[in-house]
Amino acid sequence: MTLIDGKAVSQKVLTECAEKLTRLAAQGRKPGLAVVLVGEDPASRAYVGSKVKTCAELGMHSRKIELKAATTQHELLAVVEELNYDPDIHGILVQSPPPPHIDETAIVRAIDPRKDVDGFHPVNVAGLALEDGAAFVPCTPLGCQRLLLEYSIPTEGARVVIIGRSMIVGKPLALLLMAKGRGGNATVTVAHSRCRDLPGVCREADILIAAIGRPGFVTSDFVKEGAVVIDVGINRVDDASAKNGYRIVGDVNFEEVAPKCSAITPVPGGVGPMTIAMLISNTLKAERLIHG
Ligand code: NAP
């Protein structure tokens, strides 16, 4: 059984990005990422902090914009508009979820699609479906595909089952893995809460991907002998023995499932670190597309 090391692969991606940043700096070019946080949600604050920290470690320009929870839709749209026109900013990310009074869909649509490094704007969603290489692909699906590529896990002709149909993970990942070309050409099934005989559907998978948001949901009876399992889940569970009273677990019951797999991602240390790495990579792509 191979343990897929997302930390190592993410480091490799970030090293590639650092090399590109050095080459761009020699040409006087400096890609920049703006991260907008509205409100005080501790998990969102932590995500934003690590994105900005990664930029700093790479010597990449970043702007962290922290707005009060009471920020209005109108004020947030004005911030996005300013960033759309800021020549030093190539990627814009508004951390999800915003406070409930904010219409997230309208905010995503206000971001210039050329700076939409999260890949959530309808123009980029359509671009992915149309297999337009210039489209931005959401970072977590891109990270999952990169892990499969780095570990030479063939997707061509493979039966892939994805549990979860969100616009952040399940749907874009399905489009990515069924697209023509390297890292694609898979036969993809997308399962969800209304799926009949979910364990049976999952047992058909050569590659099983869990993006559900339920700790330890995928047990050994979901998994065919020798399958590859990618666990996207990030769930907090209470743990009195942990320093902060909780620990992070995936959607897969790792102890039960790992012995049946040919390869599996751990949580933490699997898909999680890939998401930030692909965000940086998407920001470099944005700068390239804007400046040529
Ligand atoms: P989401 O929007 O809540 O979607 C969850 C999906 O799981 C839905 O399609 C839902 O089906 C399906 N589901 C829920 N219960 C199910 C059940 N009993 N049987 C079958 N399907 C079921 O979640 P998400 O944003 O995609 O995130 C999924 C997980 O990935 C979460 O743990 C999240 O924290 C994690 N995540 C990790 C990263 C990362 O960087 N590694 C990034 C994003 C998300 P319905 O559509 O029918 O409701």
# chains A, B, ... in the order shown; residues from 1 in each chain; ligands from 1
$ residues_near_ligand --ligand "ligand 1" --cutoff "6 Å" --atoms "only C-alpha atoms and all ligand atoms" --output "PyMOL selection string"
chain A and resi 140+163-166+168-169+192-194+211-213+232-235+271-272+275
$ residues_around --residues "Ala186 in chain A" --least-positions-apart "5" --cutoff "6 Å" --atoms "only C-alpha atoms" --output "short mmCIF file (atom, residue, chain, number, x, y, z; two decimals) with C-alpha atoms, in the first residue's frame"
data_model
loop_
_atom_site.label_atom_id
_atom_site.label_comp_id
_atom_site.auth_asym_id
_atom_site.auth_seq_id
_atom_site.Cartn_x
_atom_site.Cartn_y
_atom_site.Cartn_z
CA THR A 155 -6.84 7.66 -15.01
CA GLU A 156 -7.24 6.75 -18.67
CA GLY A 157 -10.00 4.16 -18.90
CA ALA A 158 -10.17 3.90 -15.10
CA LEU A 177 -10.99 13.55 -14.73
CA MET A 178 -13.31 12.91 -17.69
#
$ closest_residue --among "A:Ala134, A:Val80, A:Leu14, A:Ala56" --to "Ala110 in chain A" --atoms "only C-alpha atoms"
A:Val80
$ residues_around --residues "Gly250 in chain A" --least-positions-apart "4" --cutoff "12 Å" --atoms "only C-alpha atoms" --output "ChimeraX atom specification"
/A:209-219,229-237,254-255,257,264-272
$ closest_atom_pairs --of "range 46-155 of chain A" --to "range 28-41 of chain A" --cutoff "6 Å" --atoms "only C-alpha atoms" --output "Markdown table"
| residue | atom | partner | partner_atom | distance |
| --- | --- | --- | --- | --- |
| A:His61 | CA | A:Gly32 | CA | 4.5 |
| A:Ser62 | CA | A:Leu33 | CA | 4.6 |
| A:Arg63 | CA | A:Ala34 | CA | 4.6 |
| A:Lys64 | CA | A:Val35 | CA | 5.0 |
| A:Ile65 | CA | A:Val36 | CA | 4.7 |
| A:Glu66 | CA | A:Leu37 | CA | 4.9 |
| A:Leu67 | CA | A:Val38 | CA | 4.7 |
| A:Lys68 | CA | A:Gly39 | CA | 5.1 |
| A:Ala69 | CA | A:Gly39 | CA | 3.7 |
| A:Asp88 | CA | A:Gly32 | CA | 5.8 |
| A:Ile89 | CA | A:Gly32 | CA | 4.5 |
| A:His90 | CA | A:Gly32 | CA | 5.3 |
| A:Gly91 | CA | A:Leu33 | CA | 4.6 |
| A:Ile92 | CA | A:Ala34 | CA | 4.9 |
| A:Leu93 | CA | A:Val35 | CA | 4.9 |
| A:Val94 | CA | A:Val36 | CA | 4.7 |
| A:Gln95 | CA | A:Leu37 | CA | 5.5 |
| A:Pro98 | CA | A:Val38 | CA | 5.9 |
$ write_last_selection --atoms "all heavy atoms" --output "tab-separated table (two decimals), in the first residue's frame"
chain	number	residue	atom	x	y	z
A	61	HIS	N	4.01	38.62	-3.99
A	61	HIS	CA	3.22	39.74	-3.48
A	61	HIS	C	1.84	39.25	-3.05
A	61	HIS	O	1.20	38.48	-3.78
A	61	HIS	CB	3.09	40.80	-4.57
A	61	HIS	CG	2.19	41.93	-4.21
A	61	HIS	ND1	2.39	42.70	-3.08
A	61	HIS	CD2	1.07	42.43	-4.80
A	61	HIS	CE1	1.44	43.62	-3.00
A	61	HIS	NE2	0.64	43.47	-4.03
A	62	SER	N	1.39	39.66	-1.87
A	62	SER	CA	0.02	39.34	-1.49
A	62	SER	C	-0.56	40.50	-0.69
A	62	SER	O	0.17	41.28	-0.10
A	62	SER	CB	-0.05	38.04	-0.67
A	62	SER	OG	0.46	38.25	0.62
A	63	ARG	N	-1.88	40.57	-0.72
A	63	ARG	CA	-2.61	41.58	0.07
A	63	ARG	C	-3.68	40.87	0.85
A	63	ARG	O	-4.48	40.13	0.26
A	63	ARG	CB	-3.29	42.57	-0.87
A	63	ARG	CG	-2.60	43.92	-0.93
A	63	ARG	CD	-3.39	44.83	-1.85
A	63	ARG	NE	-4.45	45.54	-1.12
A	63	ARG	CZ	-5.33	46.35	-1.72
A	63	ARG	NH1	-5.29	46.54	-3.02
A	63	ARG	NH2	-6.24	46.98	-1.01
A	64	LYS	N	-3.65	41.05	2.17
A	64	LYS	CA	-4.73	40.47	2.99
A	64	LYS	C	-5.67	41.60	3.36
A	64	LYS	O	-5.25	42.59	3.95
A	64	LYS	CB	-4.13	39.82	4.25
A	64	LYS	CG	-5.18	39.22	5.15
A	64	LYS	CD	-4.63	38.24	6.17
A	64	LYS	CE	-3.93	38.95	7.32
A	64	LYS	NZ	-3.59	38.04	8.42
A	65	ILE	N	-6.93	41.45	2.98
A	65	ILE	CA	-7.92	42.50	3.28
A	65	ILE	C	-8.93	41.92	4.26
A	65	ILE	O	-9.69	41.01	3.92
A	65	ILE	CB	-8.60	42.97	1.98
A	65	ILE	CG1	-7.52	43.54	1.04
A	65	ILE	CG2	-9.67	44.01	2.27
A	65	ILE	CD1	-7.97	43.81	-0.34
A	66	GLU	N	-8.87	42.41	5.49
A	66	GLU	CA	-9.77	41.90	6.53
A	66	GLU	C	-10.90	42.91	6.73
A	66	GLU	O	-10.64	44.08	7.03
A	66	GLU	CB	-9.00	41.69	7.83
A	66	GLU	CG	-7.96	40.60	7.69
A	66	GLU	CD	-7.12	40.43	8.94
A	66	GLU	OE1	-6.22	41.25	9.14
A	66	GLU	OE2	-7.39	39.49	9.70
A	67	LEU	N	-12.11	42.44	6.58
A	67	LEU	CA	-13.28	43.32	6.69
A	67	LEU	C	-14.16	42.85	7.85
A	67	LEU	O	-14.25	41.65	8.13
A	67	LEU	CB	-14.08	43.29	5.39
A	67	LEU	CG	-13.31	43.69	4.12
A	67	LEU	CD1	-14.17	43.41	2.88
A	67	LEU	CD2	-12.91	45.15	4.17
A	68	LYS	N	-14.80	43.82	8.47
A	68	LYS	CA	-15.68	43.50	9.61
A	68	LYS	C	-16.86	42.63	9.15
A	68	LYS	O	-17.30	42.73	8.00
A	68	LYS	CB	-16.21	44.80	10.23
A	68	LYS	CG	-15.15	45.61	10.94
A	68	LYS	CD	-15.77	46.71	11.79
A	68	LYS	CE	-16.30	47.86	10.96
A	68	LYS	NZ	-15.32	48.74	10.36
A	69	ALA	N	-17.37	41.83	10.09
A	69	ALA	CA	-18.52	40.95	9.78
A	69	ALA	C	-19.72	41.77	9.28
A	69	ALA	O	-20.54	41.27	8.50
A	69	ALA	CB	-18.90	40.13	11.00
A	88	ASP	N	-1.30	45.41	-9.63
A	88	ASP	CA	-0.36	44.56	-8.87
A	88	ASP	C	-1.01	43.25	-8.41
A	88	ASP	O	-0.35	42.40	-7.82
A	88	ASP	CB	0.14	45.31	-7.62
A	88	ASP	CG	0.97	46.52	-8.01
A	88	ASP	OD1	1.59	46.48	-9.10
A	88	ASP	OD2	0.97	47.50	-7.25
A	89	ILE	N	-2.31	43.13	-8.64
A	89	ILE	CA	-3.05	41.93	-8.20
A	89	ILE	C	-3.49	41.13	-9.42
A	89	ILE	O	-4.16	41.66	-10.32
A	89	ILE	CB	-4.27	42.34	-7.33
A	89	ILE	CG1	-3.81	42.97	-6.01
A	89	ILE	CG2	-5.20	41.16	-7.08
A	89	ILE	CD1	-2.97	42.05	-5.11
A	90	HIS	N	-3.12	39.84	-9.42
A	90	HIS	CA	-3.48	38.97	-10.55
A	90	HIS	C	-4.48	37.90	-10.15
A	90	HIS	O	-5.15	37.32	-11.00
A	90	HIS	CB	-2.21	38.33	-11.12
A	90	HIS	CG	-1.19	39.36	-11.48
A	90	HIS	ND1	-0.23	39.79	-10.60
A	90	HIS	CD2	-1.03	40.09	-12.61
A	90	HIS	CE1	0.50	40.74	-11.17
A	90	HIS	NE2	0.03	40.94	-12.39
A	91	GLY	N	-4.54	37.62	-8.85
A	91	GLY	CA	-5.50	36.63	-8.35
A	91	GLY	C	-6.30	37.22	-7.20
A	91	GLY	O	-5.74	37.90	-6.34
A	92	ILE	N	-7.62	36.97	-7.21
A	92	ILE	CA	-8.49	37.47	-6.14
A	92	ILE	C	-9.25	36.29	-5.55
A	92	ILE	O	-9.81	35.47	-6.29
A	92	ILE	CB	-9.53	38.49	-6.67
A	92	ILE	CG1	-8.84	39.66	-7.37
A	92	ILE	CG2	-10.43	38.99	-5.55
A	92	ILE	CD1	-9.80	40.58	-8.13
A	93	LEU	N	-9.25	36.24	-4.23
A	93	LEU	CA	-9.98	35.17	-3.55
A	93	LEU	C	-10.77	35.78	-2.40
A	93	LEU	O	-10.21	36.51	-1.60
A	93	LEU	CB	-8.92	34.20	-3.03
A	93	LEU	CG	-9.30	32.97	-2.27
A	93	LEU	CD1	-8.20	31.95	-2.44
A	93	LEU	CD2	-9.50	33.24	-0.80
A	94	VAL	N	-12.05	35.52	-2.38
A	94	VAL	CA	-12.88	35.95	-1.24
A	94	VAL	C	-13.15	34.69	-0.43
A	94	VAL	O	-13.79	33.75	-0.93
A	94	VAL	CB	-14.18	36.63	-1.69
A	94	VAL	CG1	-15.01	37.05	-0.47
A	94	VAL	CG2	-13.88	37.85	-2.56
A	95	GLN	N	-12.61	34.64	0.78
A	95	GLN	CA	-12.68	33.41	1.57
A	95	GLN	C	-14.13	33.01	1.86
A	95	GLN	O	-14.94	33.83	2.28
A	95	GLN	CB	-11.90	33.60	2.89
A	95	GLN	CG	-11.79	32.34	3.73
A	95	GLN	CD	-11.04	31.20	3.03
A	95	GLN	OE1	-9.99	31.41	2.44
A	95	GLN	NE2	-11.61	30.01	3.07
A	98	PRO	N	-18.73	33.57	3.46
A	98	PRO	CA	-18.89	34.91	4.03
A	98	PRO	C	-20.06	34.90	5.03
A	98	PRO	O	-20.81	33.93	5.07
A	98	PRO	CB	-19.23	35.76	2.80
A	98	PRO	CG	-19.89	34.82	1.87
A	98	PRO	CD	-19.32	33.45	2.12
$ closest_residue --among "A:Ala43, A:Gln27, A:Gly183, A:Ile280" --to "Tyr151 in chain A" --atoms "only C-alpha atoms"
A:Gly183
$ residues_around --residues "Ile102 in chain A" --least-positions-apart "3" --cutoff "9 Å" --atoms "only C-alpha atoms" --output "list in words"
Thr71, Thr72, Gln73, Leu76, Pro98, Pro99, Thr105, Ala106 and Ile107 of chain A
$ write_last_selection --atoms "N, CA, C and O atoms" --output "PDB file, in the first residue's frame"
ATOM      1  N   THR A  71     -19.684  44.219   7.272  1.00  0.00           N
ATOM      2  CA  THR A  71     -19.474  44.785   5.926  1.00  0.00           C
ATOM      3  C   THR A  71     -20.681  44.490   5.041  1.00  0.00           C
ATOM      4  O   THR A  71     -21.172  43.352   5.019  1.00  0.00           O
ATOM      5  N   THR A  72     -21.137  45.502   4.310  1.00  0.00           N
ATOM      6  CA  THR A  72     -22.321  45.282   3.465  1.00  0.00           C
ATOM      7  C   THR A  72     -21.900  44.667   2.128  1.00  0.00           C
ATOM      8  O   THR A  72     -20.727  44.733   1.726  1.00  0.00           O
ATOM      9  N   GLN A  73     -22.900  44.128   1.461  1.00  0.00           N
ATOM     10  CA  GLN A  73     -22.692  43.566   0.115  1.00  0.00           C
ATOM     11  C   GLN A  73     -22.081  44.641  -0.801  1.00  0.00           C
ATOM     12  O   GLN A  73     -21.134  44.367  -1.540  1.00  0.00           O
ATOM     13  N   LEU A  76     -18.429  45.247  -0.001  1.00  0.00           N
ATOM     14  CA  LEU A  76     -17.591  44.134  -0.457  1.00  0.00           C
ATOM     15  C   LEU A  76     -17.428  44.162  -1.978  1.00  0.00           C
ATOM     16  O   LEU A  76     -16.327  43.949  -2.509  1.00  0.00           O
ATOM     17  N   PRO A  98     -18.731  33.566   3.459  1.00  0.00           N
ATOM     18  CA  PRO A  98     -18.891  34.910   4.027  1.00  0.00           C
ATOM     19  C   PRO A  98     -20.058  34.904   5.029  1.00  0.00           C
ATOM     20  O   PRO A  98     -20.805  33.928   5.068  1.00  0.00           O
ATOM     21  N   PRO A  99     -20.240  35.999   5.795  1.00  0.00           N
ATOM     22  CA  PRO A  99     -21.399  36.054   6.699  1.00  0.00           C
ATOM     23  C   PRO A  99     -22.703  35.888   5.904  1.00  0.00           C
ATOM     24  O   PRO A  99     -22.743  36.191   4.709  1.00  0.00           O
ATOM     25  N   THR A 105     -22.755  34.194  -4.340  1.00  0.00           N
ATOM     26  CA  THR A 105     -22.799  34.004  -5.796  1.00  0.00           C
ATOM     27  C   THR A 105     -22.541  35.330  -6.511  1.00  0.00           C
ATOM     28  O   THR A 105     -21.771  35.386  -7.480  1.00  0.00           O
ATOM     29  N   ALA A 106     -23.165  36.398  -6.004  1.00  0.00           N
ATOM     30  CA  ALA A 106     -22.990  37.719  -6.640  1.00  0.00           C
ATOM     31  C   ALA A 106     -21.540  38.192  -6.502  1.00  0.00           C
ATOM     32  O   ALA A 106     -20.993  38.805  -7.421  1.00  0.00           O
ATOM     33  N   ILE A 107     -20.910  37.875  -5.378  1.00  0.00           N
ATOM     34  CA  ILE A 107     -19.517  38.296  -5.160  1.00  0.00           C
ATOM     35  C   ILE A 107     -18.602  37.557  -6.153  1.00  0.00           C
ATOM     36  O   ILE A 107     -17.749  38.165  -6.805  1.00  0.00           O
TER      37      ILE A 107
END
$ closest_residue --among "A:Thr189, A:Ala286, A:Val223, A:Leu58" --to "Ala18 in chain A" --atoms "only C-alpha atoms"
A:Leu58
$ atom_distance --atom1 "CA of Val137 in chain A" --atom2 "CA of Lys115 in chain A"
12.0 Å
$ closest_residue --among "A:Val9, A:Met274, A:Ile207, A:Cys17" --to "Pro141 in chain A" --atoms "only C-alpha atoms"
A:Met274
$ select_by_dssp --residues "range 23-257 of chain A" --states "alpha helix (DSSP H)" --output "number ranges by chain"
A: 23-26, 42-58, 73-85, 104-110, 122-129, 139-150, 170-178, 198-203, 254-257
$ closest_residue --among "A:Pro100, A:Pro154, A:Pro259, A:Gly292" --to "Gly181 in chain A" --atoms "only C-alpha atoms"
A:Pro154
$ atom_distance --atom1 "CA of Glu287 in chain A" --atom2 "CA of Ser152 in chain A"
29.2 Å
$ closest_residue --among "A:Leu21, A:Asp118, A:Val201, A:Ala263" --to "Cys55 in chain A" --atoms "only C-alpha atoms"
A:Leu21
$ select_by_dssp --residues "range 51-200 of chain A" --states "strand (DSSP E or B)" --output "PyMOL selection string"
chain A and resi 61-67+91-94+159-163+187-191
$ write_last_selection --atoms "N, CA and C atoms" --output "compact mmCIF listing (two decimals), in the first residue's frame"
# COMPACT_ATOMS: atom_id res chain seq x y z
N HIS A 61 4.01 38.62 -3.99
CA HIS A 61 3.22 39.74 -3.48
C HIS A 61 1.84 39.25 -3.05
N SER A 62 1.39 39.66 -1.87
CA SER A 62 0.02 39.34 -1.49
C SER A 62 -0.56 40.50 -0.69
N ARG A 63 -1.88 40.57 -0.72
CA ARG A 63 -2.61 41.58 0.07
C ARG A 63 -3.68 40.87 0.85
N LYS A 64 -3.65 41.05 2.17
CA LYS A 64 -4.73 40.47 2.99
C LYS A 64 -5.67 41.60 3.36
N ILE A 65 -6.93 41.45 2.98
CA ILE A 65 -7.92 42.50 3.28
C ILE A 65 -8.93 41.92 4.26
N GLU A 66 -8.87 42.41 5.49
CA GLU A 66 -9.77 41.90 6.53
C GLU A 66 -10.90 42.91 6.73
N LEU A 67 -12.11 42.44 6.58
CA LEU A 67 -13.28 43.32 6.69
C LEU A 67 -14.16 42.85 7.85
N GLY A 91 -4.54 37.62 -8.85
CA GLY A 91 -5.50 36.63 -8.35
C GLY A 91 -6.30 37.22 -7.20
N ILE A 92 -7.62 36.97 -7.21
CA ILE A 92 -8.49 37.47 -6.14
C ILE A 92 -9.25 36.29 -5.55
N LEU A 93 -9.25 36.24 -4.23
CA LEU A 93 -9.98 35.17 -3.55
C LEU A 93 -10.77 35.78 -2.40
N VAL A 94 -12.05 35.52 -2.38
CA VAL A 94 -12.88 35.95 -1.24
C VAL A 94 -13.15 34.69 -0.43
N ARG A 159 -12.19 3.41 -13.86
CA ARG A 159 -13.50 3.73 -13.29
C ARG A 159 -13.27 4.58 -12.06
N VAL A 160 -13.75 5.82 -12.09
CA VAL A 160 -13.61 6.73 -10.95
C VAL A 160 -15.00 6.96 -10.35
N VAL A 161 -15.11 6.83 -9.05
CA VAL A 161 -16.35 7.21 -8.36
C VAL A 161 -16.01 8.35 -7.40
N ILE A 162 -16.72 9.46 -7.55
CA ILE A 162 -16.56 10.61 -6.64
C ILE A 162 -17.82 10.68 -5.78
N ILE A 163 -17.65 10.68 -4.46
CA ILE A 163 -18.82 10.89 -3.59
C ILE A 163 -18.84 12.37 -3.24
N THR A 187 -13.65 7.13 -16.73
CA THR A 187 -15.10 6.92 -16.74
C THR A 187 -15.58 7.30 -15.34
N VAL A 188 -16.28 8.42 -15.27
CA VAL A 188 -16.55 9.02 -13.94
C VAL A 188 -18.02 8.87 -13.53
N THR A 189 -18.21 8.45 -12.31
CA THR A 189 -19.55 8.43 -11.69
C THR A 189 -19.53 9.41 -10.52
N VAL A 190 -20.53 10.28 -10.44
CA VAL A 190 -20.62 11.21 -9.30
C VAL A 190 -21.79 10.76 -8.42
N ALA A 191 -21.48 10.37 -7.19
CA ALA A 191 -22.51 9.90 -6.25
C ALA A 191 -22.83 11.01 -5.26
